[in-house]
Structure formats: structure tokens, C-alpha cells
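What's in my_file_27.cif: mmCIF, C-alpha atoms
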data_target
#
loop_
_atom_site.label_atom_id
_atom_site.label_comp_id
_atom_site.auth_asym_id
_atom_site.auth_seq_id
_atom_site.Cartn_x
_atom_site.Cartn_y
_atom_site.Cartn_z
CA MET T 10 65.62 -183.09 -50.66
CA GLY T 11 64.31 -180.19 -52.71
CA GLN T 12 61.24 -179.13 -54.63
CA TYR T 13 60.37 -177.48 -57.94
CA TRP T 14 59.79 -173.74 -58.06
CA GLU T 15 57.92 -171.34 -60.35
CA LEU T 16 58.76 -167.63 -60.52
CA LEU T 17 55.57 -165.81 -61.47
CA THR T 18 53.62 -162.59 -61.46
CA ARG T 19 49.88 -162.35 -60.95
CA SER T 20 49.53 -159.24 -63.11
CA ALA T 21 48.11 -159.80 -66.59
CA TYR T 22 50.11 -158.90 -69.65
CA ALA T 23 46.96 -157.47 -71.20
CA ASN T 24 47.57 -154.11 -69.54
CA ARG T 25 51.13 -153.87 -70.79
CA PRO T 26 52.12 -152.12 -74.02
CA ASP T 27 53.27 -154.52 -76.71
CA SER T 28 56.27 -153.03 -78.44
CA ASN T 29 55.82 -155.50 -81.32
CA ASP T 30 52.38 -154.16 -82.19
CA LYS T 31 52.96 -151.95 -85.18
CA THR T 32 49.34 -150.83 -85.55
CA SER T 33 48.24 -147.38 -84.53
CA ASN T 34 44.98 -145.50 -84.83
CA LYS T 35 46.74 -142.14 -84.64
CA THR T 36 47.24 -139.98 -87.67
CA LEU T 37 49.16 -136.78 -88.23
CA SER T 38 48.68 -134.26 -91.04
CA LEU T 39 51.38 -131.66 -91.61
CA TRP T 40 50.90 -128.69 -93.93
CA THR T 41 53.75 -126.31 -94.44
CA PRO T 42 52.72 -123.66 -96.95
CA THR T 43 55.98 -121.77 -96.71
CA GLY T 44 59.47 -122.28 -95.33
CA ASP T 45 61.58 -125.40 -94.91
CA ALA T 46 59.43 -128.55 -94.77
CA ARG T 47 62.28 -130.95 -93.95
CA LEU T 48 61.55 -133.00 -90.86
CA VAL T 49 64.85 -132.17 -89.20
CA ASN T 50 63.91 -128.47 -89.19
CA GLN T 51 60.47 -128.95 -87.66
CA SER T 52 59.79 -127.88 -84.08
CA ALA T 53 60.70 -130.19 -81.20
CA ASP T 54 56.99 -130.64 -80.37
CA ILE T 55 56.21 -132.02 -83.82
CA ILE T 56 59.20 -134.36 -83.78
CA LEU T 57 58.31 -135.65 -80.32
CA TYR T 58 54.73 -136.24 -81.47
CA LEU T 59 55.98 -138.25 -84.43
CA PHE T 60 58.03 -140.44 -82.13
CA GLU T 61 55.01 -140.99 -79.88
CA LEU T 62 53.13 -142.39 -82.88
CA LEU T 63 55.69 -145.19 -83.14
CA ASP T 64 55.03 -148.23 -80.96
CA ASP T 65 57.80 -150.37 -82.47
CA ILE T 66 61.33 -150.13 -81.05
CA GLN T 67 63.10 -150.64 -84.36
CA ASP T 68 60.91 -148.09 -86.15
CA ALA T 69 61.62 -145.49 -83.46
CA ILE T 70 65.37 -146.14 -83.53
CA CYS T 71 65.46 -145.97 -87.32
CA LEU T 72 63.77 -142.57 -87.22
CA GLY T 73 66.31 -141.44 -84.64
CA LEU T 74 69.24 -142.68 -86.70
CA THR T 75 68.35 -140.36 -89.58
CA CYS T 76 70.08 -137.48 -87.81
CA LYS T 77 71.58 -136.50 -84.46
CA ARG T 78 68.83 -134.00 -83.59
CA LEU T 79 66.04 -136.53 -84.06
CA LEU T 80 67.91 -139.14 -82.03
CA ARG T 81 68.49 -136.68 -79.21
CA LEU T 82 64.82 -135.63 -79.11
CA GLY T 83 63.45 -139.15 -79.48
CA MET T 84 65.77 -140.99 -77.10
CA GLY T 85 63.37 -140.69 -74.16
CA HIS T 86 60.57 -142.37 -76.12
CA ILE T 87 62.95 -145.02 -77.47
CA GLN T 88 64.12 -145.89 -73.97
CA SER T 89 60.52 -146.10 -72.77
CA LEU T 90 59.72 -148.60 -75.53
CA ILE T 91 62.78 -150.70 -74.65
CA THR T 92 61.88 -150.67 -70.95
CA ALA T 93 58.30 -151.74 -71.67
CA PHE T 94 59.63 -154.60 -73.80
CA VAL T 95 62.39 -156.00 -71.57
CA ALA T 96 60.95 -155.16 -68.14
CA GLN T 97 57.32 -156.18 -68.46
CA TRP T 98 57.12 -157.22 -64.82
CA ALA T 99 58.29 -153.88 -63.41
CA GLY T 100 55.87 -152.81 -60.68
CA ASP T 101 54.12 -156.20 -60.59
CA ARG T 102 53.69 -158.68 -57.73
CA LEU T 103 56.43 -161.31 -57.74
CA ILE T 104 56.59 -164.62 -55.91
CA CYS T 105 58.61 -167.80 -56.40
CA VAL T 106 56.25 -170.61 -55.41
CA GLY T 107 57.39 -174.10 -54.40
CA ASP T 108 55.42 -177.16 -55.52
CA TYR T 109 55.04 -178.29 -51.88
CA ILE T 110 52.84 -175.31 -51.08
CA ASN T 111 49.52 -176.02 -49.38
CA ASN T 112 46.30 -174.61 -50.75
CA GLY T 113 45.51 -171.33 -49.04
CA ASP T 114 49.02 -170.88 -47.66
CA LEU T 115 50.08 -167.59 -49.21
CA PRO T 116 51.25 -164.21 -47.89
CA PRO T 117 48.49 -161.63 -47.36
CA GLY T 118 47.64 -159.59 -50.42
CA VAL T 119 49.18 -161.92 -52.99
CA LEU T 120 45.81 -162.86 -54.47
CA THR T 121 42.71 -160.84 -55.13
CA GLU T 122 39.39 -162.23 -53.84
CA ASP T 123 38.53 -163.53 -57.31
CA GLU T 124 41.94 -165.22 -57.69
CA ALA T 125 41.68 -166.88 -54.28
CA LEU T 126 38.12 -168.05 -55.07
CA PHE T 127 39.31 -169.54 -58.38
CA LEU T 128 41.96 -171.65 -56.62
CA GLU T 129 39.50 -172.74 -53.93
CA GLU T 130 36.77 -173.73 -56.38
CA ASN T 131 39.22 -175.69 -58.51
CA ASP T 132 41.00 -177.18 -55.48
CA ILE T 133 44.45 -176.30 -56.81
CA THR T 134 47.45 -174.45 -55.40
CA LEU T 135 49.02 -171.37 -56.93
CA TYR T 136 51.92 -173.52 -58.15
CA GLN T 137 49.51 -175.88 -59.93
CA ASP T 138 47.62 -172.92 -61.38
CA ALA T 139 50.86 -171.50 -62.78
CA GLN T 140 51.87 -174.85 -64.25
CA LYS T 141 48.52 -175.34 -65.95
CA ASN T 142 47.25 -171.89 -66.87
CA PHE T 143 50.15 -169.45 -67.01
CA ASP T 144 52.13 -168.67 -70.15
CA GLY T 145 55.90 -168.80 -69.99
CA ILE T 146 57.80 -165.59 -70.67
CA GLU T 147 60.32 -165.19 -73.44
CA GLN T 148 63.82 -165.61 -72.08
CA ALA T 149 66.50 -163.06 -72.91
CA ARG T 150 64.06 -160.53 -74.37
CA TRP T 151 66.87 -157.98 -74.44
CA ALA T 152 69.03 -160.34 -76.48
CA SER T 153 66.24 -160.74 -79.04
CA LEU T 154 66.59 -157.06 -79.92
CA LYS T 155 70.20 -157.70 -80.91
CA SER T 156 69.68 -160.86 -82.95
CA ASP T 157 67.11 -159.83 -85.57
CA TRP T 158 69.44 -160.42 -88.49
CA ARG T 159 66.83 -159.62 -91.15
CA PHE T 160 66.61 -156.13 -89.68
CA LEU T 161 70.30 -155.69 -88.85
CA GLU T 162 71.55 -156.62 -92.31
CA ARG T 163 69.67 -153.62 -93.74
CA LEU T 164 71.67 -151.19 -91.59
CA THR T 165 75.00 -149.68 -92.50
CA ARG T 166 78.01 -150.55 -90.34
CA ILE T 167 77.75 -147.23 -88.48
CA GLU T 168 73.97 -147.55 -88.03
CA ASN T 169 74.44 -151.10 -86.75
CA LYS T 170 76.93 -149.91 -84.16
CA GLN T 171 74.61 -147.09 -83.04
CA TYR T 172 71.62 -149.45 -82.87
CA MET T 173 73.52 -151.95 -80.72
CA ALA T 174 74.65 -149.19 -78.37
CA ILE T 175 71.05 -148.01 -77.92
CA VAL T 176 69.44 -151.41 -77.26
CA SER T 177 72.34 -152.45 -74.98
CA GLY T 178 72.06 -149.27 -72.93
CA GLU T 179 75.68 -148.37 -73.66
CA ASP T 180 74.69 -144.84 -74.63
CA ARG T 181 72.81 -144.34 -71.37
CA LYS T 182 74.90 -142.77 -68.65
CA SER T 183 73.29 -143.41 -65.28
CA GLU T 184 73.01 -140.07 -63.51
CA SER T 185 72.76 -141.76 -60.12
CA GLU T 186 73.07 -145.12 -58.38
CA TRP T 187 70.72 -147.98 -59.31
CA VAL T 188 68.39 -149.35 -56.63
CA LEU T 189 66.05 -152.32 -56.29
CA CYS T 190 62.80 -150.98 -54.83
CA ASN T 191 60.16 -152.93 -52.95
CA LEU T 192 57.17 -150.73 -53.82
CA THR T 193 54.89 -152.53 -51.36
CA LYS T 194 57.04 -152.14 -48.24
CA ARG T 195 58.91 -149.02 -49.43
CA GLU T 196 62.28 -150.64 -48.88
CA TYR T 197 65.29 -150.46 -51.19
CA LEU T 198 68.63 -152.08 -51.93
CA ARG T 199 71.47 -150.02 -53.37
CA GLU T 200 73.69 -151.07 -56.26
CA GLY T 201 76.73 -150.54 -54.05
CA THR T 202 75.59 -153.22 -51.60
CA VAL T 203 75.08 -155.68 -54.44
CA ALA T 204 78.49 -154.88 -55.93
CA ALA T 205 80.17 -156.02 -52.71
CA HIS T 206 79.02 -159.57 -53.53
CA ARG T 207 80.80 -160.14 -56.81
CA LYS T 208 78.91 -163.29 -57.82
CA ALA T 209 75.42 -162.06 -56.95
CA GLY T 210 73.29 -159.41 -58.61
CA PHE T 211 69.92 -157.79 -58.02
CA GLY T 212 68.28 -161.02 -59.24
CA GLU T 213 69.90 -163.21 -56.59
CA PHE T 214 69.15 -160.71 -53.84
CA LEU T 215 65.52 -160.48 -54.96
CA LEU T 216 65.06 -164.24 -55.26
CA SER T 217 66.44 -164.77 -51.75
CA ARG T 218 63.39 -162.91 -50.39
CA ILE T 219 60.47 -163.89 -52.62
CA CYS T 220 60.41 -167.71 -52.30
CA TRP T 221 57.30 -169.19 -50.67
CA SER T 222 56.35 -172.75 -49.81
CA SER T 223 54.74 -174.72 -46.98
CA ASP T 224 57.74 -177.07 -46.90
CA PRO T 225 61.33 -175.96 -46.10
CA SER T 226 62.91 -178.35 -48.62
CA THR T 227 65.32 -176.40 -50.82
CA ALA T 228 68.29 -178.76 -51.34
CA MET T 229 70.43 -176.02 -49.78
CA SER T 230 72.70 -175.99 -46.76
CA TYR T 231 71.27 -172.64 -45.68
CA GLU T 232 69.17 -173.29 -42.58
CA GLU T 233 67.10 -170.12 -42.32
CA ASP T 234 63.50 -169.92 -43.58
CA ILE T 235 64.28 -168.85 -47.13
CA HIS T 236 61.07 -170.63 -48.16
CA ARG T 237 59.02 -168.00 -46.28
CA GLY T 238 60.35 -164.93 -48.07
CA VAL T 239 59.60 -161.64 -46.37
CA TRP T 240 59.12 -160.01 -49.78
CA ALA T 241 57.04 -162.76 -51.42
CA GLY T 242 54.13 -161.29 -53.36
CA ASP T 243 55.33 -157.68 -53.16
CA ARG T 244 55.74 -155.28 -56.08
CA PHE T 245 59.19 -154.30 -57.38
CA GLU T 246 61.09 -152.17 -59.83
CA ILE T 247 64.72 -151.33 -60.51
CA THR T 248 65.39 -147.65 -61.02
CA THR T 249 67.89 -144.94 -60.11
CA VAL T 250 68.05 -143.13 -56.77
CA ASN T 251 66.85 -139.84 -58.23
CA ARG T 252 63.83 -141.56 -59.83
CA VAL T 253 62.52 -143.43 -56.78
CA ARG T 254 58.81 -142.74 -56.41
CA GLY T 255 58.31 -139.87 -54.01
CA GLY T 256 62.01 -139.70 -53.16
CA LEU T 257 63.89 -141.81 -50.61
CA GLU T 258 62.94 -139.82 -47.50
CA ASP T 259 60.16 -142.23 -46.47
CA TRP T 260 61.96 -145.37 -47.67
CA LYS T 261 64.06 -147.82 -45.64
CA ASP T 262 67.52 -148.89 -46.77
CA VAL T 263 67.71 -152.66 -46.12
CA GLY T 264 71.15 -153.10 -47.67
CA ASP T 265 72.94 -154.06 -44.47
CA GLU T 266 70.57 -156.84 -43.48
CA MET T 267 70.27 -158.17 -47.04
CA GLY T 268 74.04 -158.09 -47.41
CA LYS T 269 74.42 -160.22 -44.29
CA GLU T 270 71.74 -162.61 -45.51
CA MET T 271 73.44 -163.06 -48.89
CA LYS T 272 76.82 -163.57 -47.24
CA ALA T 273 75.34 -166.27 -44.98
CA ILE T 274 73.63 -167.99 -47.94
CA TRP T 275 76.82 -167.93 -50.00
CA GLU T 276 79.05 -169.23 -47.18
CA SER T 277 76.59 -172.01 -46.32
CA GLU T 278 76.70 -173.23 -49.91
CA PHE T 279 80.33 -172.65 -50.88
CA GLY T 280 82.16 -172.12 -47.60
CA GLU T 281 84.20 -169.22 -46.30
CA GLU T 282 87.22 -170.07 -48.46
CA GLU T 283 85.57 -168.76 -51.62
CA GLU T 284 84.63 -165.55 -49.82
CA GLU T 285 88.24 -165.13 -48.71
CA GLU T 286 89.50 -165.83 -52.24
CA GLU T 287 87.27 -163.08 -53.58
CA GLU T 288 88.60 -160.63 -50.99
CA GLU T 289 92.19 -161.56 -51.93
CA GLU T 290 91.40 -161.00 -55.62
CA GLU T 291 89.99 -157.56 -54.81
CA GLU T 292 93.16 -156.67 -52.87
CA GLU T 293 95.34 -157.81 -55.76
CA GLU T 294 93.33 -155.73 -58.22
CA SER T 295 93.65 -152.65 -55.99
CA ASP T 296 97.46 -153.15 -55.85
CA CYS T 297 97.75 -153.19 -59.64
#

Target encoding C-alpha cells, full file:
Amino acid sequence: MGQYWELLTRSAYANRPDSNDKTSNKTLSLWTPTGDARLVNQSADIILYLFELLDDIQDAICLGLTCKRLLRLGMGHIQSLITAFVAQWAGDRLICVGDYINNGDLPPGVLTEDEALFLEENDITLYQDAQKNFDGIEQARWASLKSDWRFLERLTRIENKQYMAIVSGEDRKSESEWVLCNLTKREYLREGTVAAHRKAGFGEFLLSRICWSSDPSTAMSYEEDIHRGVWAGDRFEITTVNRVRGGLEDWKDVGDEMGKEMKAIWESEFGEEEEEEEEEEEEEESDC
């Protein structure tokens, strides 16, 4: 027997930048009485300021595609716009709530006093609140950047290729290893640990620790208390090792324990044979 689940964040979208909002109350006046007035020959500060005026991803990329210097200078702002668009929940509280949850049964700190009072006064659970009052998020937001045909058909073949590389992150060389960070508990999971489980990614590892319900029903063979996730309601972000807030000195690497948990979950559902098959495939690939 199982139950329905809702993955949600309690943080409002109102405080997030909307990369589709093309309005801006900023203005810029440039007066060049002498010398070369072409944009490409302006100072880096002016070019960066121009990029900062653009709140739309496609507008910013189009400006960058006009020449290599502009793209190089504006890439940081372009990447910030893309991140704000596709990772709107970065740094927010995440919890996957089961529909068998009892009213008032939530991890400490998940709700503010006002949020808890709202549920109590309306005699509803967080799951019911999400079902009734929360808006669903757009799925595959990243994919939507690559399927705007009205925009793409106006680009040349070379510009189209460059645009796709930018929005897909292909042009971004990661200078260090990726990590999933629990900002609340200051714990992290390295990309290398995740890579050892070929059919699981950061998403599966995260979900295995943020489920919460008053009833253990999950329709899974796994017998541990996955419905009482130790990370439920915490704040998260995925970043690189060299960008972890404050550095990793005061953080705890939980890769070993999470790796064992994922292995146990996988084996309980699919058996040890599949795990052995994956190991054999890895050995065969290394022999090639």
C-alpha cells in the first residue's frame, strides 16, 4: 500500500527574479563627443552595465552573440539569468509530503508561526494546503529555453549553435566538482559519490532524505523510515566545491552514509543482481 506525495517549497516565488519580465526602470545615456563610439570598443564597465540592464535571457544572449568580447564579458550575467530561471528553488526549504500526514506532524522549522497558524485555523494538513493553494511549477524549464522556435528561427545557423551551447551549459567548464549542499545542516554530497550509482542522480539522493509522512506506506520494499526524512524541510543548493558558502572546512561530507542508503534502497527494489550487472558493465568498459 502506498500514498500520494507532493514535492514542495514553502518559499514564495514573489522574491525571485522573473527572467521573462522584460520591463526595466533603468536607463542609460551615453555621450561620446570624440573617439570610437562603437559598443565593442567601450570600456568593460559600460558593457557590463548594459548587460545588467537586461532581465531577459534571450536578450542578454543576443547582445553577447554580436561579438566575442561582449559574450566573454556578459557570460557571468547570462549564466546568472539562466540559473534564476531554471533553479528557482535553490536555497529554499524542500519537503516531499505524503497525503497520510497528520496535522501538526512536521519537522521543526518547516513552517513559520503564521504558516502553522494558517493550517491550524483551517484544519488542514500541509499536503492538503499544497493541493488546494499551491501553484504547480513548469516542468522542464531548461528545455523551454531550447524550444522557442519563433526566437530560434531568427538566428543564423552559427548563432543557433552558440545559443544552444550557452543554454545547455556546454560552454561552461566546471572548475571543480559539483556538490549537493544542505544549507541548514551544513552537510554535502559530492558528485563522485553520486556517479558511483549509475542510475541515480542528485535528485534521487535528495528525494531519499526529504520525504515526510505520519504513515510509513510507500509501496516500496525498503524497510527503513524513508518517510521520516532526516533532511525534510531543509534548504538546499547544488554548486561547485570552490563555491560552497564559507568553504567546506565547517561542513560534513555525508557521502559514505548516503551512498550506503542508496545502495540499500536500490537493492531492496531491484535486487543485488542488477547491482552486480552494473559492476560487470563498468569492468567491461574499463577493459575496452

Starting from the shown file, work through the PyMOL selection byres ((chain T and resi 15) around 7) and note down what comes out as a ChimeraX atom specification. /T:14,16-17,105-107,136

Would you kindly translate the PyMOL selection byres ((chain T and resi 90) around 12) into the concrete residues it picks from this file, as a count of residues only? 35

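Taking atom CA of Ile55 of chain T as the reference point, atom CA of Thr248 of chain T is found at 29.1 Å.
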
Within 8 Å of Leu103 of chain T, counting all atoms listed in the file, which residues show up once you throw out same-chain ones fewer than 4 positions away? Write them as a list in words, please. Leu16, Leu17, Thr18, Arg19, Ile219, Ala241, Gly242, Asp243, Arg244 and Phe245 of chain T

Would you export the selected residues with C-alpha atoms as a CSV table (one decimal), keeping the file's coordinate frame, please?
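So out19.csv came out as:
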chain,number,residue,atom,x,y,z
T,16,LEU,CA,58.8,-167.6,-60.5
T,17,LEU,CA,55.6,-165.8,-61.5
T,18,THR,CA,53.6,-162.6,-61.5
T,19,ARG,CA,49.9,-162.4,-61.0
T,219,ILE,CA,60.5,-163.9,-52.6
T,241,ALA,CA,57.0,-162.8,-51.4
T,242,GLY,CA,54.1,-161.3,-53.4
T,243,ASP,CA,55.3,-157.7,-53.2
T,244,ARG,CA,55.7,-155.3,-56.1
T,245,PHE,CA,59.2,-154.3,-57.4

Mind giving me the axis-aligned box for segment 157-176 of chain T with 4 Å on every side, centre plus edges in Å to one decimal, as AutoDock Vina command-line options?
--center_x 72.3 --center_y -153.8 --center_z -85.5 --size_x 19.4 --size_y 21.3 --size_z 24.5

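One distance worth recording is that between atom CA of Ser230 of chain T and atom CA of Ser277 of chain T, which is 5.6 Å.
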
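Take atom CA of Tyr231 of chain T and atom CA of Ile274 of chain T: the distance between them is 5.7 Å.
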
Carefully work through the PyMOL selection byres ((chain T and resi 211) around 12) for this structure and note down the residues it includes, as a tab-separated table (two decimals) with C-alpha atoms, in the coordinates of the input.
chain	number	residue	atom	x	y	z
T	187	TRP	CA	70.72	-147.98	-59.31
T	188	VAL	CA	68.39	-149.35	-56.63
T	189	LEU	CA	66.05	-152.32	-56.29
T	190	CYS	CA	62.80	-150.98	-54.83
T	197	TYR	CA	65.29	-150.46	-51.19
T	198	LEU	CA	68.63	-152.08	-51.93
T	199	ARG	CA	71.47	-150.02	-53.37
T	200	GLU	CA	73.69	-151.07	-56.26
T	201	GLY	CA	76.73	-150.54	-54.05
T	202	THR	CA	75.59	-153.22	-51.60
T	203	VAL	CA	75.08	-155.68	-54.44
T	204	ALA	CA	78.49	-154.88	-55.93
T	205	ALA	CA	80.17	-156.02	-52.71
T	206	HIS	CA	79.02	-159.57	-53.53
T	207	ARG	CA	80.80	-160.14	-56.81
T	208	LYS	CA	78.91	-163.29	-57.82
T	209	ALA	CA	75.42	-162.06	-56.95
T	210	GLY	CA	73.29	-159.41	-58.61
T	212	GLY	CA	68.28	-161.02	-59.24
T	213	GLU	CA	69.90	-163.21	-56.59
T	214	PHE	CA	69.15	-160.71	-53.84
T	215	LEU	CA	65.52	-160.48	-54.96
T	216	LEU	CA	65.06	-164.24	-55.26
T	217	SER	CA	66.44	-164.77	-51.75
T	218	ARG	CA	63.39	-162.91	-50.39
T	245	PHE	CA	59.19	-154.30	-57.38
T	246	GLU	CA	61.09	-152.17	-59.83
T	247	ILE	CA	64.72	-151.33	-60.51
T	248	THR	CA	65.39	-147.65	-61.02
T	264	GLY	CA	71.15	-153.10	-47.67
T	267	MET	CA	70.27	-158.17	-47.04
T	268	GLY	CA	74.04	-158.09	-47.41
T	271	MET	CA	73.44	-163.06	-48.89

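With only C-alpha atoms as the atoms that count, the minimum distance from Leu57 of chain T to the choices T:Glu278, T:Leu79, T:Leu74, T:Leu164 is reached by T:Leu79.
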
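Candidate residues T:Asp54, T:Asp157, T:Asp108, T:Arg163 were compared for distance to Asp138 of chain T, and the nearest is T:Asp108, using all atoms listed in the file.
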
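The shortest atom-to-atom distance to Ser222 of chain T, with only C-alpha atoms taken into account, belongs to T:Gln12 out of T:Gln12, T:Asn50, T:Thr75, T:Ser177.
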
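With only C-alpha atoms as the atoms that count, the minimum distance from Ala53 of chain T to the choices T:Lys272, T:Val253, T:Arg159, T:Arg81 is reached by T:Arg81.
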
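Each of T:Glu124, T:Glu258, T:Glu129, T:Glu270 was checked against Asn112 of chain T using all atoms listed in the file; the smallest atom-to-atom distance is that of T:Glu129.
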